[in-house]
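Trainee: I'm passing along protein-v7.txt; it holds compact mmCIF, C-alpha atoms.
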# COMPACT_ATOMS: atom_id res chain seq x y z
CA MET T 217 -45.11 156.70 173.20
CA PHE T 218 -42.05 157.57 175.24
CA GLN T 219 -41.06 153.91 175.43
CA GLU T 220 -41.44 153.63 171.68
CA ARG T 221 -39.37 156.70 171.07
CA LYS T 222 -36.72 155.61 173.52
CA ARG T 223 -36.45 152.18 171.97
CA ILE T 224 -35.89 153.64 168.57
CA VAL T 225 -33.41 156.24 169.79
CA GLU T 226 -31.34 153.40 171.11
CA GLU T 227 -31.00 152.15 167.56
CA LYS T 228 -28.71 155.09 166.91
CA ASP T 229 -25.63 153.02 166.31
CA ILE T 230 -27.20 150.34 164.17
CA SER T 231 -25.15 149.96 161.05
CA GLN T 232 -26.47 150.86 157.64
CA ALA T 233 -25.80 147.23 156.66
CA VAL T 234 -28.41 146.07 159.18
CA ILE T 235 -30.82 148.80 158.08
CA GLY T 236 -30.25 147.74 154.49
CA ARG T 237 -31.43 144.23 155.34
CA LEU T 238 -34.64 145.30 157.09
CA PRO T 239 -36.69 145.89 153.91
CA ARG T 240 -35.86 142.37 152.77
CA TYR T 241 -37.11 140.91 156.07
CA PHE T 242 -40.18 143.07 155.68
CA ARG T 243 -40.78 141.74 152.18
CA TYR T 244 -40.44 138.07 153.15
CA LEU T 245 -42.60 138.50 156.23
CA GLY T 246 -45.26 140.24 154.14
CA GLU T 247 -45.33 137.26 151.79
CA LEU T 248 -45.54 134.80 154.69
CA LYS T 249 -48.36 136.84 156.20
CA ASP T 250 -50.22 136.85 152.85
CA GLU T 251 -49.83 133.09 152.72
CA GLY T 252 -51.43 132.81 156.16
CA VAL T 253 -48.29 131.70 158.01
CA GLU T 254 -48.65 132.66 161.68
CA ARG T 255 -45.31 131.70 163.21
CA ILE T 256 -41.86 131.02 161.83
CA SER T 257 -38.65 129.90 163.48
CA SER T 258 -35.41 131.72 162.77
CA GLN T 259 -34.22 128.43 161.25
CA ASP T 260 -37.07 128.32 158.72
CA LEU T 261 -36.75 132.02 157.98
CA SER T 262 -33.06 131.42 157.49
CA GLU T 263 -33.64 128.70 154.89
CA LEU T 264 -36.24 130.78 153.10
CA MET T 265 -34.08 133.90 152.92
CA LYS T 266 -30.75 132.13 152.48
CA VAL T 267 -29.06 133.91 155.35
CA THR T 268 -27.83 132.24 158.53
CA ALA T 269 -30.17 131.96 161.50
CA SER T 270 -27.49 133.61 163.61
CA GLN T 271 -27.45 136.60 161.25
CA ILE T 272 -31.21 136.91 161.64
CA ARG T 273 -31.03 136.75 165.42
CA GLN T 274 -28.20 139.28 165.49
CA ASP T 275 -30.07 141.64 163.21
CA PHE T 276 -33.26 141.39 165.26
CA ASN T 277 -31.40 141.80 168.53
CA ASN T 278 -30.60 145.34 167.44
CA PHE T 279 -34.29 146.03 167.90
CA GLY T 280 -34.87 144.08 171.08
CA GLY T 281 -35.21 140.66 169.48
CA PHE T 282 -38.95 140.67 168.72
CA GLY T 283 -39.67 137.93 171.26
CA GLN T 284 -38.54 134.72 169.58
CA GLN T 285 -39.73 132.12 172.11
CA GLY T 286 -38.43 128.76 171.03
CA TYR T 287 -41.57 128.23 168.95
CA GLY T 288 -40.58 131.03 166.62
CA TYR T 289 -41.57 134.55 165.71
CA ASN T 290 -45.13 135.75 165.33
CA VAL T 291 -45.13 136.67 161.63
CA GLU T 292 -47.71 139.43 161.71
CA TYR T 293 -46.24 141.05 164.82
CA LEU T 294 -42.75 140.94 163.35
CA TYR T 295 -44.00 142.32 160.03
CA ASN T 296 -45.74 145.20 161.76
CA GLU T 297 -42.83 145.98 164.06
CA ILE T 298 -40.31 146.07 161.22
CA GLY T 299 -42.76 148.19 159.24
CA LYS T 300 -42.90 150.68 162.12
CA ILE T 301 -39.11 150.74 162.42
CA LEU T 302 -38.95 151.52 158.71
CA GLY T 303 -41.43 154.36 159.25
CA LEU T 304 -44.07 152.69 157.08
CA ASP T 305 -46.82 153.37 159.59
CA GLN T 306 -46.54 157.04 158.69
CA GLN T 307 -47.34 159.01 155.56
CA HIS T 308 -44.40 160.35 153.57
CA ASN T 309 -45.20 162.92 150.91
CA PHE T 310 -42.81 162.97 147.99
CA ILE T 311 -42.16 164.90 144.83
CA ILE T 312 -40.19 163.90 141.77
CA VAL T 313 -37.74 166.41 140.33
CA GLY T 314 -37.03 165.53 136.73
CA ALA T 315 -39.95 164.54 134.50
CA GLY T 316 -37.90 162.56 131.97
CA ASN T 317 -38.42 158.87 131.29
CA LEU T 318 -37.20 157.60 134.63
CA GLY T 319 -39.01 160.27 136.64
CA ARG T 320 -42.28 159.53 134.86
CA ALA T 321 -41.78 155.79 135.28
CA LEU T 322 -41.36 156.22 139.04
CA GLY T 323 -44.36 158.56 139.17
CA ASN T 324 -46.45 155.91 137.47
CA TYR T 325 -45.38 153.20 139.88
CA MET T 326 -48.34 152.69 142.18
CA ASN T 327 -46.81 150.40 144.76
CA PHE T 328 -45.07 153.15 146.71
CA GLU T 329 -48.50 154.41 147.81
CA ARG T 330 -49.22 151.07 149.49
CA ARG T 331 -46.29 151.74 151.81
CA GLY T 332 -47.37 155.26 152.70
CA PHE T 333 -45.26 157.13 150.14
CA ILE T 334 -47.64 159.61 148.51
CA PHE T 335 -46.78 161.09 145.12
CA LYS T 336 -47.70 164.77 145.41
CA GLY T 337 -45.86 166.73 142.75
CA MET T 338 -43.50 166.65 139.80
CA PHE T 339 -41.10 169.27 138.53
CA ASP T 340 -38.99 169.94 135.50
CA GLN T 341 -37.11 172.86 134.03
CA ASN T 342 -37.97 171.82 130.47
CA PRO T 343 -40.99 173.88 129.31
CA GLU T 344 -41.97 171.04 126.98
CA LEU T 345 -42.52 168.75 129.95
CA VAL T 346 -44.24 171.31 132.17
CA GLY T 347 -48.00 170.82 132.12
CA ARG T 348 -47.82 167.10 131.31
CA ASP T 349 -49.88 164.79 133.43
CA VAL T 350 -48.31 161.84 135.27
CA ARG T 351 -50.92 159.72 137.04
CA GLY T 352 -53.04 162.77 137.84
CA VAL T 353 -50.08 164.92 138.87
CA ARG T 354 -49.24 167.88 136.67
CA VAL T 355 -45.58 168.66 135.95
CA LEU T 356 -44.74 172.10 137.37
CA PRO T 357 -41.87 174.46 136.61
CA MET T 358 -38.89 174.59 138.97
CA GLU T 359 -39.93 178.07 140.11
CA SER T 360 -42.87 176.51 141.96
CA LEU T 361 -40.61 174.17 143.96
CA GLU T 362 -40.18 176.19 147.14
CA HIS T 363 -43.82 177.13 147.58
CA PHE T 364 -44.99 173.61 146.77
CA ILE T 365 -42.64 171.89 149.22
CA ARG T 366 -43.70 174.13 152.09
CA GLU T 367 -47.40 174.09 151.20
CA HIS T 368 -47.69 170.30 150.84
CA GLU T 369 -45.32 169.28 153.62
CA ILE T 370 -43.09 167.38 151.26
CA GLU T 371 -40.58 165.18 153.05
CA ILE T 372 -38.86 163.32 150.22
CA ALA T 373 -37.61 164.46 146.83
CA VAL T 374 -36.83 161.90 144.16
CA LEU T 375 -34.03 163.23 141.99
CA THR T 376 -34.19 162.00 138.40
CA ILE T 377 -32.18 164.71 136.67
CA PRO T 378 -28.76 164.68 134.98
CA LYS T 379 -25.76 164.82 137.27
CA THR T 380 -24.73 168.25 135.99
CA SER T 381 -27.67 169.95 137.71
CA ALA T 382 -28.17 167.50 140.57
CA GLU T 383 -25.97 169.25 143.13
CA ASP T 384 -27.56 172.66 142.60
CA VAL T 385 -31.05 171.25 142.79
CA ALA T 386 -30.20 169.22 145.89
CA GLU T 387 -28.97 172.41 147.56
CA GLN T 388 -32.27 174.13 146.79
CA LEU T 389 -34.28 171.18 148.04
CA VAL T 390 -32.40 171.21 151.33
CA LYS T 391 -32.98 174.95 151.70
CA TYR T 392 -36.71 174.45 151.18
CA GLY T 393 -36.87 171.88 153.95
CA ILE T 394 -36.67 168.47 152.28
CA LYS T 395 -35.72 165.73 154.78
CA GLY T 396 -34.61 163.02 152.37
CA ILE T 397 -33.38 162.71 148.81
CA TRP T 398 -33.81 159.54 146.79
CA ASN T 399 -31.04 160.18 144.34
CA PHE T 400 -30.99 158.62 140.87
CA ALA T 401 -28.55 161.19 139.48
CA HIS T 402 -25.18 159.65 138.75
CA VAL T 403 -23.30 161.71 141.32
CA ASP T 404 -22.72 161.62 145.07
CA LEU T 405 -24.50 164.54 146.73
CA ASN T 406 -23.11 166.64 149.55
CA VAL T 407 -25.89 167.53 151.92
CA PRO T 408 -25.85 168.85 155.48
CA GLU T 409 -26.32 166.54 158.43
CA GLY T 410 -29.96 165.86 159.02
CA VAL T 411 -30.78 165.38 155.36
CA GLN T 412 -30.77 161.75 154.36
CA VAL T 413 -29.67 160.57 150.94
CA GLU T 414 -30.29 157.17 149.46
CA ASN T 415 -28.58 156.57 146.12
CA VAL T 416 -29.75 154.38 143.28
CA HIS T 417 -26.81 154.44 140.91
CA LEU T 418 -28.21 152.31 138.09
CA SER T 419 -25.03 152.32 136.00
CA ASP T 420 -22.98 151.15 138.97
CA SER T 421 -25.31 148.23 139.43
CA LEU T 422 -25.14 147.29 135.75
CA MET T 423 -21.32 147.43 135.85
CA LYS T 424 -21.27 145.11 138.82
CA LEU T 425 -23.38 142.66 136.84
CA SER T 426 -21.02 142.96 133.90
CA TYR T 427 -18.04 142.29 136.16
CA ASN T 428 -19.61 139.12 137.53
CA ILE T 429 -20.52 137.83 134.07
CA ASN T 430 -16.99 138.49 132.87
CA ARG T 431 -15.34 136.87 135.83
CA TYR T 432 -17.41 133.74 135.53
CA ARG T 433 -16.61 133.45 131.84
CA ILE T 434 -12.89 133.78 132.47
CA GLU T 435 -12.96 131.30 135.34
CA GLN T 436 -14.61 128.78 133.05
CA GLY T 437 -11.90 129.39 130.47
CA MET V 978 -3.53 137.68 126.92
CA PHE V 979 -2.63 134.78 129.17
CA GLN V 980 -1.23 137.16 131.75
CA GLU V 981 -4.38 139.22 131.60
CA ARG V 982 -6.58 136.21 132.01
CA LYS V 983 -4.49 134.85 134.83
CA ARG V 984 -4.58 138.12 136.68
CA ILE V 985 -8.33 138.26 136.51
CA VAL V 986 -8.77 134.63 137.48
CA GLU V 987 -6.83 135.38 140.63
CA GLU V 988 -9.52 137.85 141.56
CA LYS V 989 -11.77 134.89 142.24
CA ASP V 990 -12.09 135.50 145.93
CA ILE V 991 -12.58 139.23 145.82
CA SER V 992 -15.61 140.12 147.88
CA GLN V 993 -18.75 141.54 146.36
CA ALA V 994 -18.25 144.54 148.62
CA VAL V 995 -15.02 145.40 146.81
CA ILE V 996 -16.66 144.77 143.43
CA GLY V 997 -19.51 147.00 144.47
CA ARG V 998 -17.08 149.87 145.03
CA LEU V 999 -15.32 149.55 141.65
CA PRO V 1000 -17.98 151.40 139.62
CA ARG V 1001 -17.69 154.35 141.99
CA TYR V 1002 -13.91 154.49 141.51
CA PHE V 1003 -14.54 154.25 137.79
CA ARG V 1004 -16.99 157.16 137.92
CA TYR V 1005 -14.66 159.45 139.89
CA LEU V 1006 -11.67 158.57 137.73
CA GLY V 1007 -13.72 159.29 134.60
CA GLU V 1008 -14.54 162.72 135.95
CA LEU V 1009 -10.91 163.42 136.84
CA LYS V 1010 -9.86 162.30 133.37
CA ASP V 1011 -12.46 164.57 131.78
CA GLU V 1012 -11.10 167.45 133.86
CA GLY V 1013 -7.61 166.73 132.51
CA VAL V 1014 -6.12 165.46 135.78
CA GLU V 1015 -3.20 163.15 134.96
CA ARG V 1016 -2.13 161.83 138.34
CA ILE V 1017 -3.74 161.57 141.74
CA SER V 1018 -2.44 160.35 145.09
CA SER V 1019 -4.48 157.90 147.13
CA GLN V 1020 -4.70 160.70 149.72
CA ASP V 1021 -6.33 163.14 147.29
CA LEU V 1022 -8.59 160.44 145.88
CA SER V 1023 -9.52 159.60 149.45
CA GLU V 1024 -10.58 163.18 150.21
CA LEU V 1025 -12.53 163.45 146.98
CA MET V 1026 -14.39 160.18 147.47
CA LYS V 1027 -14.72 160.39 151.26
CA VAL V 1028 -13.24 156.96 151.87
CA THR V 1029 -9.97 156.31 153.70
CA ALA V 1030 -6.74 156.13 151.69
CA SER V 1031 -6.08 152.76 153.29
CA GLN V 1032 -9.43 151.48 152.00
CA ILE V 1033 -8.48 152.62 148.49
CA ARG V 1034 -5.09 150.92 148.66
CA GLN V 1035 -6.62 147.73 150.02
CA ASP V 1036 -9.28 147.71 147.31
CA PHE V 1037 -6.72 148.30 144.57
CA ASN V 1038 -4.34 145.69 145.97
CA ASN V 1039 -6.94 143.09 145.07
CA PHE V 1040 -6.08 143.85 141.47
CA GLY V 1041 -2.33 144.19 141.82
CA GLY V 1042 -2.27 147.75 143.12
CA PHE V 1043 -2.20 149.61 139.78
CA GLY V 1044 1.33 150.88 140.32
CA GLN V 1045 0.95 153.69 142.82
CA GLN V 1046 4.52 155.07 142.92
CA GLY V 1047 4.71 157.68 145.64
CA TYR V 1048 3.69 160.36 143.16
CA GLY V 1049 0.27 158.82 142.80
CA TYR V 1050 -1.82 156.89 140.33
CA ASN V 1051 -1.94 157.58 136.61
CA VAL V 1052 -5.60 158.57 136.25
CA GLU V 1053 -6.17 157.44 132.68
CA TYR V 1054 -4.36 154.13 133.20
CA LEU V 1055 -6.33 153.45 136.37
CA TYR V 1056 -9.60 154.41 134.68
CA ASN V 1057 -8.91 152.07 131.78
CA GLU V 1058 -7.79 149.19 133.98
CA ILE V 1059 -10.84 149.39 136.22
CA GLY V 1060 -12.98 149.65 133.09
CA LYS V 1061 -11.43 146.43 131.79
CA ILE V 1062 -11.95 144.67 135.12
CA LEU V 1063 -15.61 145.71 134.95
CA GLY V 1064 -15.81 144.26 131.45
CA LEU V 1065 -16.53 147.65 129.90
CA ASP V 1066 -14.02 147.09 127.09
CA GLN V 1067 -16.40 144.51 125.67
CA GLN V 1068 -19.83 144.72 124.12
CA HIS V 1069 -22.74 143.38 126.13
CA ASN V 1070 -26.01 142.90 124.27
CA PHE V 1071 -29.09 143.23 126.42
CA ILE V 1072 -32.83 142.90 126.15
CA ILE V 1073 -35.53 144.28 128.40
CA VAL V 1074 -38.33 141.96 129.44
CA GLY V 1075 -41.31 144.02 130.54
CA ALA V 1076 -42.29 147.03 128.43
CA GLY V 1077 -44.12 148.89 131.18
CA ASN V 1078 -43.09 152.32 132.43
CA LEU V 1079 -39.85 151.28 134.05
CA GLY V 1080 -38.80 149.03 131.19
CA ARG V 1081 -39.41 151.76 128.65
CA ALA V 1082 -37.58 154.29 130.80
CA LEU V 1083 -34.53 152.04 130.93
CA GLY V 1084 -34.77 151.41 127.19
CA ASN V 1085 -34.76 155.13 126.56
CA TYR V 1086 -31.72 155.71 128.72
CA MET V 1087 -28.87 156.29 126.31
CA ASN V 1088 -25.93 156.24 128.69
CA PHE V 1089 -25.70 152.47 128.94
CA GLU V 1090 -24.56 152.40 125.31
CA ARG V 1091 -21.55 154.53 126.16
CA ARG V 1092 -20.36 151.74 128.44
CA GLY V 1093 -20.81 149.01 125.85
CA PHE V 1094 -24.27 147.84 126.90
CA ILE V 1095 -26.26 147.62 123.68
CA PHE V 1096 -30.06 147.67 123.78
CA LYS V 1097 -31.16 145.03 121.28
CA GLY V 1098 -34.69 143.96 122.05
CA MET V 1099 -37.73 144.40 124.22
CA PHE V 1100 -40.44 141.92 125.16
CA ASP V 1101 -43.84 141.92 126.77
CA GLN V 1102 -46.73 139.53 127.11
CA ASN V 1103 -49.28 142.34 126.89
CA PRO V 1104 -50.56 142.52 123.29
CA GLU V 1105 -51.25 146.23 123.74
CA LEU V 1106 -47.56 146.89 124.26
CA VAL V 1107 -46.29 144.57 121.54
CA GLY V 1108 -45.38 146.51 118.42
CA ARG V 1109 -44.61 149.73 120.28
CA ASP V 1110 -41.34 151.43 119.49
CA VAL V 1111 -38.82 152.26 122.22
CA ARG V 1112 -35.85 154.18 120.86
CA GLY V 1113 -35.95 152.29 117.56
CA VAL V 1114 -36.53 148.91 119.19
CA ARG V 1115 -39.88 147.24 118.62
CA VAL V 1116 -41.58 145.46 121.51
CA LEU V 1117 -41.92 141.75 120.64
CA PRO V 1118 -44.15 139.06 122.14
CA MET V 1119 -42.71 136.63 124.68
CA GLU V 1120 -42.92 133.81 122.14
CA SER V 1121 -40.03 135.40 120.23
CA LEU V 1122 -37.75 135.38 123.26
CA GLU V 1123 -35.85 132.15 122.67
CA HIS V 1124 -35.11 132.72 119.01
CA PHE V 1125 -34.15 136.35 119.59
CA ILE V 1126 -31.74 135.60 122.45
CA ARG V 1127 -29.89 132.97 120.43
CA GLU V 1128 -29.92 134.92 117.18
CA HIS V 1129 -28.63 138.19 118.66
CA GLU V 1130 -26.20 136.74 121.20
CA ILE V 1131 -27.97 138.38 124.10
CA GLU V 1132 -25.98 138.25 127.30
CA ILE V 1133 -28.05 140.30 129.73
CA ALA V 1134 -31.79 140.44 130.37
CA VAL V 1135 -33.26 143.37 132.26
CA LEU V 1136 -36.28 142.16 134.17
CA THR V 1137 -38.93 144.82 134.66
CA ILE V 1138 -42.00 142.68 135.22
CA PRO V 1139 -44.16 142.06 138.29
CA LYS V 1140 -42.79 139.65 140.87
CA THR V 1141 -45.56 137.14 140.21
CA SER V 1142 -44.14 136.21 136.80
CA ALA V 1143 -40.48 137.02 137.45
CA GLU V 1144 -39.38 133.55 138.55
CA ASP V 1145 -40.95 131.79 135.58
CA VAL V 1146 -39.49 134.26 133.12
CA ALA V 1147 -36.07 134.07 134.77
CA GLU V 1148 -36.15 130.30 134.37
CA GLN V 1149 -36.90 130.66 130.65
CA LEU V 1150 -34.15 133.23 130.22
CA VAL V 1151 -31.63 130.92 131.83
CA LYS V 1152 -32.73 128.06 129.58
CA TYR V 1153 -32.26 130.23 126.50
CA GLY V 1154 -28.68 131.03 127.51
CA ILE V 1155 -28.79 134.40 129.27
CA LYS V 1156 -25.64 135.02 131.34
CA GLY V 1157 -26.87 137.77 133.62
CA ILE V 1158 -30.15 139.15 134.90
CA TRP V 1159 -30.54 142.74 135.99
CA ASN V 1160 -33.54 142.22 138.20
CA PHE V 1161 -35.97 145.03 139.01
CA ALA V 1162 -38.76 142.64 140.02
CA HIS V 1163 -39.45 142.78 143.73
CA VAL V 1164 -38.39 139.21 144.41
CA ASP V 1165 -35.13 137.32 144.92
CA LEU V 1166 -34.52 135.01 141.98
CA ASN V 1167 -33.18 131.48 142.20
CA VAL V 1168 -30.88 130.84 139.29
CA PRO V 1169 -28.28 128.13 138.66
CA GLU V 1170 -24.60 128.79 139.27
CA GLY V 1171 -23.08 130.56 136.33
CA VAL V 1172 -25.96 132.96 135.87
CA GLN V 1173 -25.34 136.28 137.57
CA VAL V 1174 -28.11 138.31 139.15
CA GLU V 1175 -27.91 141.92 140.19
CA ASN V 1176 -30.95 143.22 142.02
CA VAL V 1177 -32.33 146.73 142.03
CA HIS V 1178 -35.04 146.57 144.65
CA LEU V 1179 -36.39 150.11 144.44
CA SER V 1180 -38.88 149.74 147.28
CA ASP V 1181 -36.17 148.44 149.59
CA SER V 1182 -34.09 151.50 148.86
CA LEU V 1183 -37.01 153.85 149.50
CA MET V 1184 -37.73 152.11 152.81
CA LYS V 1185 -34.14 152.56 153.89
CA LEU V 1186 -34.46 156.27 153.18
CA SER V 1187 -37.67 156.39 155.17
CA TYR V 1188 -35.97 154.64 158.10
CA ASN V 1189 -33.14 157.15 158.14
CA ILE V 1190 -35.49 160.14 157.98
CA ASN V 1191 -37.52 158.70 160.84
CA ARG V 1192 -34.55 157.94 162.99
CA TYR V 1193 -33.10 161.40 162.59
CA ARG V 1194 -36.42 163.01 163.50
CA ILE V 1195 -36.72 160.91 166.66
CA GLU V 1196 -33.13 161.57 167.67
CA GLN V 1197 -33.78 165.29 167.40
CA GLY V 1198 -36.83 164.91 169.61
Starting from the file, give its structure as structure tokens.
Mentor:
Amino acid sequence: MFQERKRIVEEKDISQAVIGRLPRYFRYLGELKDEGVERISSQDLSELMKVTASQIRQDFNNFGGFGQQGYGYNVEYLYNEIGKILGLDQQHNFIIVGAGNLGRALGNYMNFERRGFIFKGMFDQNPELVGRDVRGVRVLPMESLEHFIREHEIEIAVLTIPKTSAEDVAEQLVKYGIKGIWNFAHVDLNVPEGVQVENVHLSDSLMKLSYNINRYRIEQG
Amino acid sequence: MFQERKRIVEEKDISQAVIGRLPRYFRYLGELKDEGVERISSQDLSELMKVTASQIRQDFNNFGGFGQQGYGYNVEYLYNEIGKILGLDQQHNFIIVGAGNLGRALGNYMNFERRGFIFKGMFDQNPELVGRDVRGVRVLPMESLEHFIREHEIEIAVLTIPKTSAEDVAEQLVKYGIKGIWNFAHVDLNVPEGVQVENVHLSDSLMKLSYNINRYRIEQG
């Protein structure tokens, strides 16, 4: 246990770029595991994932290297280890704040449960949405937020509300003890140290796509 | 026109990291414009956006610098120029393939229209979903895809289907002339050069959040 903890503490300075690549490794390794592949070399993994083998080795070295031994990585071991690093061996209770279309769509998405993310509650300030049922979870009014978060040990709040109210709600969530915010509101949140924010700015992503389409068209004349 | 085209062609080698930051500049500048701010120095923009002023200048220099003149950038000009670079001065017709929860949520999201992304059609292979109405758009069967894409000059396809069918559908879309895929399927797509893909891997993003929560907890002991 202490060893484990120590190893992970030493990851402190690992860049968010490396962290950002871990879920992709996890995904590919999960597929290899499902296909019954037992070992894979960094070269083969490199070709599969279209990143350089040296990038893979560098990334993995941040976590001790995972024992590549000439004959390659043990797929299941690597999958499990990366899963642990990502915290997927633990349960994470989450709520969704904002029961509009996107909030309900995320609530209905079952796959998060497979990774240990448990959908516990849903909140909205709109009385017309309160009381609705989303996959067995009833939408509650915002007034219930504090009690619910403390009672159900909620760790993560998914924020699917307009940007105008996002900062106020984020402040409340932090006060009530939320550890992480998965932010879909189109605004950058200011939260104290110790609260993690991961943004999904959908419009930004669509604009990037539009840029690349445009650029290609112009290059082609 | 030739000047314009030339300028953008010269952007050829601009990294995707820079491109990825443009929508955020665009968002902040839009807010400043809405607040009536006419000029802003790179220093003030830097404090607002929490990036270094030198990063801002470097990013903007990729596009000719936008005429910062000691007394700062003209907010509206900069907003419009970045909008043009992102292709937001043009109309982009899109369809959504996959009329499940996420697809419908994206179809119901009105804000894309404001940026010139026009929701034209929606498709699903599930007969129970075909015929449904999503914000005035009727869900059509997959057999209509080819004709619809050509008839309505569809440029972008939003892919909100399971990963098992995503590659096949992407291949069809490319064949029918789609220029860009906004991919929400949990798989990396292989498309020919000239077709742009922008991924939104929601699970990856949630795992990154989980990693950061975990790490902070362990660091705090």
Trainee: What lies within 9 Å of V:Ser1182 using all atoms listed in the file, ignoring chain neighbours under 4 positions off, as number ranges by chain?
Mentor: T: 236, 239, 398, 414-416; V: 1177-1178, 1186-1187
Trainee: Could you tell me how far atom CA of T:Glu369 lies from atom CA of T:Arg330, in Å and to one decimal?
Mentor: 19.1 Å
Trainee: Kindly provide the residues of chain T that approach chain V to within 8 Å, each paired with its closest atom pair and their distance in Å to one decimal, based on all atoms listed in the file, listed by chain and increasing number, as a Markdown table.
Mentor:
| residue | atom | partner | partner_atom | distance |
| --- | --- | --- | --- | --- |
| T:Arg221 | CA | V:Ile1195 | CA | 6.6 |
| T:Ile224 | CA | V:Arg1192 | CA | 7.2 |
| T:Val225 | CA | V:Glu1196 | CA | 5.7 |
| T:Lys228 | CA | V:Arg1192 | CA | 7.6 |
| T:Ile235 | CA | V:Lys1185 | CA | 6.5 |
| T:Gly236 | CA | V:Lys1185 | CA | 6.2 |
| T:Leu238 | CA | V:Lys1185 | CA | 7.9 |
| T:Pro239 | CA | V:Asp1181 | CA | 5.0 |
| T:Arg240 | CA | V:Asp1181 | CA | 6.9 |
| T:Ile301 | CA | V:Tyr1188 | CA | 6.6 |
| T:Leu302 | CA | V:Tyr1188 | CA | 4.4 |
| T:Gly303 | CA | V:Tyr1188 | CA | 5.6 |
| T:Leu304 | CA | V:Ser1187 | CA | 7.6 |
| T:His308 | CA | V:Ser1187 | CA | 8.0 |
| T:Asn317 | CA | V:Ala1082 | CA | 4.7 |
| T:Leu318 | CA | V:Ala1082 | CA | 5.1 |
| T:Arg320 | CA | V:Asn1078 | CA | 7.7 |
| T:Ala321 | CA | V:Asn1078 | CA | 4.7 |
| T:Leu322 | CA | V:Leu1079 | CA | 7.2 |
| T:Asn324 | CA | V:Asn1078 | CA | 7.0 |
| T:Tyr325 | CA | V:Asn1078 | CA | 7.8 |
| T:Phe328 | CA | V:Ser1180 | CA | 7.1 |
| T:Lys395 | CA | V:Ile1190 | CA | 6.4 |
| T:Gly396 | CA | V:Ile1190 | CA | 6.4 |
| T:Ile397 | CA | V:Leu1186 | CA | 7.9 |
| T:Trp398 | CA | V:Leu1183 | CA | 7.1 |
| T:Gly410 | CA | V:Tyr1193 | CA | 6.5 |
| T:Val411 | CA | V:Ile1190 | CA | 7.5 |
| T:Gln412 | CA | V:Ile1190 | CA | 6.2 |
| T:Val413 | CA | V:Leu1186 | CA | 6.8 |
| T:Glu414 | CA | V:Leu1186 | CA | 5.7 |
| T:Asn415 | CA | V:Ser1182 | CA | 8.0 |
| T:Val416 | CA | V:Ser1182 | CA | 7.6 |
| T:Leu418 | CA | V:Val1177 | CA | 8.0 |
| T:Ser419 | CA | V:Phe1089 | CA | 7.1 |
| T:Asp420 | CA | V:Pro1000 | CA | 5.0 |
| T:Ser421 | CA | V:Glu1175 | CA | 6.9 |
| T:Leu422 | CA | V:Trp1159 | CA | 7.1 |
| T:Met423 | CA | V:Leu1063 | CA | 6.0 |
| T:Lys424 | CA | V:Gly997 | CA | 6.2 |
| T:Leu425 | CA | V:Glu1175 | CA | 5.7 |
| T:Ser426 | CA | V:Gly1064 | CA | 5.9 |
| T:Tyr427 | CA | V:Leu1063 | CA | 4.4 |
| T:Asn428 | CA | V:Gln1173 | CA | 6.4 |
| T:Ile429 | CA | V:Gln1173 | CA | 6.2 |
| T:Asn430 | CA | V:Gly1064 | CA | 6.1 |
| T:Arg431 | CA | V:Val986 | CA | 7.1 |
| T:Tyr432 | CA | V:Gly1171 | CA | 6.5 |
| T:Ile434 | CA | V:Val986 | CA | 6.5 |
| T:Glu435 | CA | V:Val986 | CA | 5.8 |
Trainee: Interatomic distance between atom CA of T:Glu329 and atom CA of T:Ser381?
Mentor: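 Computing the Euclidean distance for atom CA of T:Glu329 and atom CA of T:Ser381 yields 27.9 Å.
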Trainee: Have a look at atom CA of T:Ile298 and atom CA of T:Arg255 and let me know their distance in Å, one decimal.
Mentor: 15.3 Å
Trainee: With 4 Å on each side, where is the centre of the axis-aligned box around all listed atoms of stretch 1091-1103 of chain V, and how long are its edges in Å to one decimal, as lines of an AutoDock Vina configuration file?
Mentor:
center_x = -34.8
center_y = 147.0
center_z = 124.9
size_x = 36.9
size_y = 23.0
size_z = 15.2
